[in-house]
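Enquirer: I'd like to ask some things about the structure below.
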Amino acid sequence: MIGFAFDYASTASLLAFAPTCTLADELGVPIEWLPMPGATRPVVGANRSDESVSERHSRVRAEYVAMDVARYARWRGIEINRDANGVDSALACAGGLWADRHGVARAYNQHVLTEFWAGRLDIEDGTTLKSVLDGLGAPGFDDESFEAPLAAHKASVEDRGVHTLPAYLVEEQVFVGRAHLPMIRWILQGRDGPGPL
């Protein structure tokens, strides 16, 4: 099994989704879906003459990450028409738990990740998420009482060692980022031969 901890408001999670599914399909192993809301990203302003050194470093780092993400997304044909600044993904994550309970997690996760980053889905709107879940065959989602179950889920995943997203849980080990998928493949195939470097 591959435990996949991710956040709908994370481009790194968006880029990791398809390769994770491909690996699981190729190896015939299930995915344990672990949607977790990351910290809500503050709305970042443009280059200001009064920004501190720390603010400038954060802005420049974010710009470089955005360039890398745009490059990978372009190569893979993934639409990114928005950012996640100020977006709280908690409700979408609760919807992901509901989808998993009804056996439609993969379809829900793909839809929400794809449509959110394409700029066509508001993941903070309960009515919209209920409609997505209803359409996938998971009716009855309660967007009013999701905080406690989601908090318990997040605490449980963090207790397993996950603190950065996306992350993988494989044989009680935590791997952060999709760059570890070759290592995960090697582990799940029985560690035959030398491990990937």
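Every chain in the structure tokens takes a letter, A first, then B, and so on in the order presented; its residues are numbered from 1, and the ligands are numbered from 1 following the presented order.
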Excluding Leu129 of chain A and its own-chain neighbours fewer than 3 positions away, which residues fall within 10 Å of it when counting only C-alpha atoms? Please give them as a list in words.
Expert: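 Final neighbour list, sorted by chain and number: Leu91, Ala92, Ala94, Gly95, Gly96, Tyr108, Val112, Leu121, Asp122, Ile123, Glu124, Asp125, Gly126, Val132, Leu133, Asp134, Gly135, Phe141 and Asp143 of chain A.
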Enquirer: Quick one: write out the picked residues with all heavy atoms as a short mmCIF file (atom, residue, chain, number, x, y, z; two decimals), in the first residue's frame?
Expert:
```
data_model
loop_
_atom_site.label_atom_id
_atom_site.label_comp_id
_atom_site.auth_asym_id
_atom_site.auth_seq_id
_atom_site.Cartn_x
_atom_site.Cartn_y
_atom_site.Cartn_z
N LEU A 91 -12.11 22.32 3.91
CA LEU A 91 -13.40 21.76 3.50
C LEU A 91 -13.21 20.74 2.38
O LEU A 91 -13.83 19.67 2.39
CB LEU A 91 -14.33 22.88 3.05
CG LEU A 91 -15.78 22.49 2.76
CD1 LEU A 91 -16.43 21.85 3.97
CD2 LEU A 91 -16.57 23.73 2.33
N ALA A 92 -12.33 21.03 1.43
CA ALA A 92 -12.06 20.07 0.35
C ALA A 92 -11.45 18.80 0.91
O ALA A 92 -11.76 17.70 0.44
CB ALA A 92 -11.13 20.70 -0.69
N ALA A 94 -11.93 17.56 3.94
CA ALA A 94 -13.04 16.83 4.57
C ALA A 94 -13.87 16.12 3.50
O ALA A 94 -14.30 14.97 3.69
CB ALA A 94 -13.91 17.78 5.38
N GLY A 95 -14.08 16.78 2.37
CA GLY A 95 -14.77 16.13 1.25
C GLY A 95 -14.01 14.92 0.75
O GLY A 95 -14.61 13.91 0.37
N GLY A 96 -12.67 15.01 0.77
CA GLY A 96 -11.85 13.87 0.36
C GLY A 96 -12.03 12.67 1.29
O GLY A 96 -12.06 11.53 0.83
N TYR A 108 -12.68 11.79 -6.97
CA TYR A 108 -12.85 13.09 -6.30
C TYR A 108 -11.52 13.85 -6.27
O TYR A 108 -11.47 15.03 -6.63
CB TYR A 108 -13.38 12.88 -4.88
CG TYR A 108 -13.44 14.14 -4.05
CD1 TYR A 108 -14.55 14.98 -4.10
CD2 TYR A 108 -12.40 14.48 -3.19
CE1 TYR A 108 -14.61 16.13 -3.33
CE2 TYR A 108 -12.45 15.63 -2.42
CZ TYR A 108 -13.55 16.46 -2.49
OH TYR A 108 -13.61 17.60 -1.72
N VAL A 112 -11.00 17.42 -8.04
CA VAL A 112 -10.78 18.62 -7.24
C VAL A 112 -9.42 19.24 -7.53
O VAL A 112 -9.31 20.45 -7.72
CB VAL A 112 -10.98 18.32 -5.74
CG1 VAL A 112 -10.58 19.51 -4.88
CG2 VAL A 112 -12.44 17.96 -5.46
N LEU A 121 -12.95 25.64 -9.99
CA LEU A 121 -13.61 25.07 -8.82
C LEU A 121 -13.21 25.83 -7.56
O LEU A 121 -12.01 26.03 -7.31
CB LEU A 121 -13.22 23.59 -8.67
CG LEU A 121 -13.87 22.83 -7.52
CD1 LEU A 121 -15.35 22.62 -7.77
CD2 LEU A 121 -13.18 21.48 -7.32
N ASP A 122 -14.20 26.23 -6.78
CA ASP A 122 -13.97 26.90 -5.51
C ASP A 122 -13.97 25.85 -4.41
O ASP A 122 -15.04 25.32 -4.06
CB ASP A 122 -15.07 27.94 -5.27
CG ASP A 122 -14.91 28.70 -3.96
OD1 ASP A 122 -13.98 28.39 -3.18
OD2 ASP A 122 -15.72 29.61 -3.71
N ILE A 123 -12.80 25.54 -3.86
CA ILE A 123 -12.72 24.47 -2.86
C ILE A 123 -13.09 24.95 -1.46
O ILE A 123 -13.06 24.16 -0.51
CB ILE A 123 -11.33 23.80 -2.84
CG1 ILE A 123 -10.23 24.78 -2.45
CG2 ILE A 123 -11.04 23.12 -4.17
CD1 ILE A 123 -8.87 24.12 -2.21
N GLU A 124 -13.48 26.20 -1.33
CA GLU A 124 -13.95 26.70 -0.04
C GLU A 124 -15.47 26.77 0.01
O GLU A 124 -16.03 27.18 1.02
CB GLU A 124 -13.35 28.08 0.23
CG GLU A 124 -11.84 28.06 0.38
CD GLU A 124 -11.26 29.44 0.59
OE1 GLU A 124 -11.39 30.28 -0.33
OE2 GLU A 124 -10.67 29.67 1.66
N ASP A 125 -16.13 26.37 -1.07
CA ASP A 125 -17.59 26.46 -1.16
C ASP A 125 -18.23 25.10 -0.93
O ASP A 125 -18.07 24.18 -1.75
CB ASP A 125 -18.00 27.03 -2.52
CG ASP A 125 -19.50 27.16 -2.65
OD1 ASP A 125 -20.09 27.93 -1.87
OD2 ASP A 125 -20.08 26.46 -3.50
N GLY A 126 -18.96 24.95 0.18
CA GLY A 126 -19.57 23.68 0.53
C GLY A 126 -20.58 23.19 -0.48
O GLY A 126 -20.64 21.99 -0.78
N VAL A 132 -20.09 18.09 -6.34
CA VAL A 132 -19.09 17.17 -6.88
C VAL A 132 -19.26 15.78 -6.26
O VAL A 132 -19.28 14.77 -6.98
CB VAL A 132 -17.66 17.71 -6.60
CG1 VAL A 132 -16.61 16.66 -6.94
CG2 VAL A 132 -17.40 18.99 -7.38
N LEU A 133 -19.40 15.73 -4.95
CA LEU A 133 -19.56 14.44 -4.27
C LEU A 133 -20.84 13.74 -4.68
O LEU A 133 -20.84 12.53 -4.92
CB LEU A 133 -19.52 14.66 -2.75
CG LEU A 133 -18.13 15.00 -2.20
CD1 LEU A 133 -18.24 15.63 -0.82
CD2 LEU A 133 -17.25 13.76 -2.16
N ASP A 134 -21.93 14.48 -4.79
CA ASP A 134 -23.20 13.89 -5.24
C ASP A 134 -23.03 13.28 -6.63
O ASP A 134 -23.48 12.15 -6.89
CB ASP A 134 -24.31 14.94 -5.28
CG ASP A 134 -24.78 15.38 -3.90
OD1 ASP A 134 -24.40 14.73 -2.90
OD2 ASP A 134 -25.53 16.37 -3.83
N GLY A 135 -22.37 14.01 -7.52
CA GLY A 135 -22.19 13.54 -8.89
C GLY A 135 -21.33 12.29 -8.98
O GLY A 135 -21.45 11.51 -9.92
N PHE A 141 -22.77 14.68 2.17
CA PHE A 141 -21.66 15.35 2.83
C PHE A 141 -22.17 16.53 3.64
O PHE A 141 -22.93 17.36 3.17
CB PHE A 141 -20.65 15.82 1.78
CG PHE A 141 -19.50 16.61 2.33
CD1 PHE A 141 -18.63 16.05 3.26
CD2 PHE A 141 -19.29 17.93 1.93
CE1 PHE A 141 -17.56 16.78 3.77
CE2 PHE A 141 -18.22 18.66 2.42
CZ PHE A 141 -17.36 18.09 3.35
N ASP A 143 -21.16 19.82 5.29
CA ASP A 143 -20.10 20.82 5.32
C ASP A 143 -20.15 21.70 6.57
O ASP A 143 -19.36 22.61 6.73
CB ASP A 143 -20.11 21.69 4.07
CG ASP A 143 -21.37 22.53 3.95
OD1 ASP A 143 -22.38 22.20 4.60
OD2 ASP A 143 -21.35 23.52 3.19
#
```
Enquirer: Using only C-alpha atoms, which residue out of A:Ser145, A:Thr20, A:Ser131, A:Thr164 lies closest to Trp33 of chain A?
Expert: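 Selected residue with least distance to Trp33 of chain A: A:Thr20.
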Enquirer: Mind the document's chain letters and residue numbers, and return as a list in words the residues of chain A that DSSP labels strand (DSSP E or B).
Expert: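 Secondary structure check on chain A, strand (DSSP E or B): Ile2, Gly3, Phe4, Ala5, Phe6, Ile31, Glu32, Trp33, Leu34, Pro35, Ala167, Tyr168, Leu169, Val170, Gln173, Val174, Phe175 and Val176 of chain A.
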Enquirer: Would you export the selected residues with C-alpha atoms as a compact mmCIF listing (two decimals), in the first residue's frame, please?
Expert:
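Final file, again29.txt:
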```
# COMPACT_ATOMS: atom_id res chain seq x y z
CA ILE A 2 1.08 3.57 -0.69
CA GLY A 3 -0.07 6.16 1.81
CA PHE A 4 -0.35 9.48 -0.03
CA ALA A 5 -0.65 12.60 2.14
CA PHE A 6 -1.44 15.67 0.06
CA ILE A 31 -3.44 3.98 -2.33
CA GLU A 32 -4.33 5.13 1.16
CA TRP A 33 -5.67 8.63 0.51
CA LEU A 34 -4.63 11.10 3.21
CA PRO A 35 -5.89 14.60 2.33
CA ALA A 167 4.40 12.79 1.52
CA TYR A 168 4.30 9.03 1.17
CA LEU A 169 3.93 6.42 3.88
CA VAL A 170 5.39 3.09 2.82
CA GLN A 173 8.65 5.04 6.46
CA VAL A 174 7.90 8.62 5.41
CA PHE A 175 9.12 9.97 2.06
CA VAL A 176 8.57 13.66 1.28
```
Enquirer: Considering only C-alpha atoms, state which residue in the set A:Glu158, A:Phe17, A:Ala105, A:Leu188 is at the smallest distance from Glu171 of chain A.
Expert: A:Leu188
Enquirer: In Å, rounded to a single decimal, give me how far atom CA of His163 of chain A is from atom CA of Asn85 of chain A.
Expert: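 It comes out at 19.8 Å.
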Enquirer: If DSSP is run on the backbone, what residues of chain A are alpha helix (DSSP H)? A reply as a PyMOL selection string would be ideal.
Expert: chain A and resi 11-27+53-76+90-101+105-117+126-135+147-159+181-188
Enquirer: Go through A:Gly86, A:Pro139, A:Gly77, A:Gly190 and flag the residue nearest Thr127 of chain A, using only C-alpha atoms for the distances.
Expert: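 Of A:Gly86, A:Pro139, A:Gly77, A:Gly190, the one nearest Thr127 of chain A is A:Pro139, counting only C-alpha atoms.
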Enquirer: Using only C-alpha atoms, which residue out of A:Thr22, A:Asn81, A:Pro196, A:Glu55 lies closest to His180 of chain A?
Expert: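 Smallest distance to His180 of chain A is found for A:Pro196.
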Enquirer: So which one's closest to Ile78 of chain A, A:Asp7, A:Glu115, A:Asp50, A:Asp100? Using only C-alpha atoms, please.
Expert: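 Among the listed residues, the smallest separation from Ile78 of chain A belongs to A:Glu115.
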Enquirer: Work out how far atom CA of Ala148 of chain A is from atom CA of Thr128 of chain A, in Å to one decimal.
Expert: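 Distance reported for this atom pair: 21.1 Å.
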Enquirer: Which residues are near Trp117 of chain A? Cut-off 7 Å, only C-alpha atoms, ignore same chain within fewer than 5 positions. Put them as a PyMOL selection string.
Expert: chain A and resi 79-82
Enquirer: Excluding same-chain residues fewer than 4 positions from Gly195 of chain A, what lies within 12 Å of it counting only C-alpha atoms, as a list in words?
Expert: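 Near neighbours after the sequence-gap exclusion: His180, Leu181, Pro182, Met183, Ile184, Arg185, Trp186, Ile187, Leu188, Gln189, Gly190 and Arg191 of chain A.
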Enquirer: Write a file of the just-selected residues containing N, CA, C and O atoms, as an mmCIF file, in the first residue's frame.
Expert:
```
data_model
loop_
_atom_site.group_PDB
_atom_site.id
_atom_site.type_symbol
_atom_site.label_atom_id
_atom_site.label_comp_id
_atom_site.auth_asym_id
_atom_site.auth_seq_id
_atom_site.Cartn_x
_atom_site.Cartn_y
_atom_site.Cartn_z
ATOM 1 N N HIS A 180 10.732 10.780 -4.595
ATOM 2 C CA HIS A 180 11.007 9.490 -3.962
ATOM 3 C C HIS A 180 10.226 8.321 -4.586
ATOM 4 O O HIS A 180 10.359 7.189 -4.120
ATOM 5 N N LEU A 181 9.456 8.579 -5.610
ATOM 6 C CA LEU A 181 8.676 7.486 -6.210
ATOM 7 C C LEU A 181 9.552 6.342 -6.729
ATOM 8 O O LEU A 181 9.167 5.178 -6.581
ATOM 9 N N PRO A 182 10.740 6.588 -7.303
ATOM 10 C CA PRO A 182 11.581 5.440 -7.683
ATOM 11 C C PRO A 182 11.983 4.583 -6.483
ATOM 12 O O PRO A 182 12.008 3.351 -6.579
ATOM 13 N N MET A 183 12.283 5.212 -5.354
ATOM 14 C CA MET A 183 12.621 4.459 -4.145
ATOM 15 C C MET A 183 11.415 3.671 -3.641
ATOM 16 O O MET A 183 11.531 2.514 -3.235
ATOM 17 N N ILE A 184 10.255 4.289 -3.715
ATOM 18 C CA ILE A 184 9.030 3.613 -3.278
ATOM 19 C C ILE A 184 8.762 2.405 -4.171
ATOM 20 O O ILE A 184 8.397 1.325 -3.694
ATOM 21 N N ARG A 185 8.949 2.563 -5.478
ATOM 22 C CA ARG A 185 8.797 1.437 -6.401
ATOM 23 C C ARG A 185 9.737 0.298 -6.000
ATOM 24 O O ARG A 185 9.338 -0.858 -5.942
ATOM 25 N N TRP A 186 11.014 0.625 -5.742
ATOM 26 C CA TRP A 186 12.013 -0.368 -5.385
ATOM 27 C C TRP A 186 11.607 -1.115 -4.105
ATOM 28 O O TRP A 186 11.699 -2.336 -4.036
ATOM 29 N N ILE A 187 11.137 -0.374 -3.105
ATOM 30 C CA ILE A 187 10.716 -0.998 -1.846
ATOM 31 C C ILE A 187 9.538 -1.936 -2.077
ATOM 32 O O ILE A 187 9.534 -3.088 -1.615
ATOM 33 N N LEU A 188 8.545 -1.447 -2.807
ATOM 34 C CA LEU A 188 7.329 -2.240 -3.020
ATOM 35 C C LEU A 188 7.564 -3.439 -3.926
ATOM 36 O O LEU A 188 6.794 -4.395 -3.918
ATOM 37 N N GLN A 189 8.632 -3.406 -4.718
ATOM 38 C CA GLN A 189 8.965 -4.547 -5.570
ATOM 39 C C GLN A 189 9.941 -5.509 -4.881
ATOM 40 O O GLN A 189 10.516 -6.381 -5.523
ATOM 41 N N GLY A 190 10.121 -5.342 -3.570
ATOM 42 C CA GLY A 190 10.907 -6.299 -2.813
ATOM 43 C C GLY A 190 12.371 -5.985 -2.666
ATOM 44 O O GLY A 190 13.166 -6.861 -2.327
ATOM 45 N N ARG A 191 12.759 -4.730 -2.967
ATOM 46 C CA ARG A 191 14.151 -4.303 -2.822
ATOM 47 C C ARG A 191 15.108 -5.182 -3.628
ATOM 48 O O ARG A 191 16.199 -5.523 -3.174
#
```
Enquirer: Could you tell me how far atom CA of Ser89 of chain A sits from atom CA of Glu172 of chain A, in Å to one decimal place?
Expert: 26.3 Å
Enquirer: Let me make sure I understand: among A:Leu197, A:Ala107, A:Cys93, A:Leu136, which one has the smallest atom-to-atom distance to Ala9 of chain A if we use only C-alpha atoms?
Expert: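 Of all the options, A:Cys93 lies closest to Ala9 of chain A.
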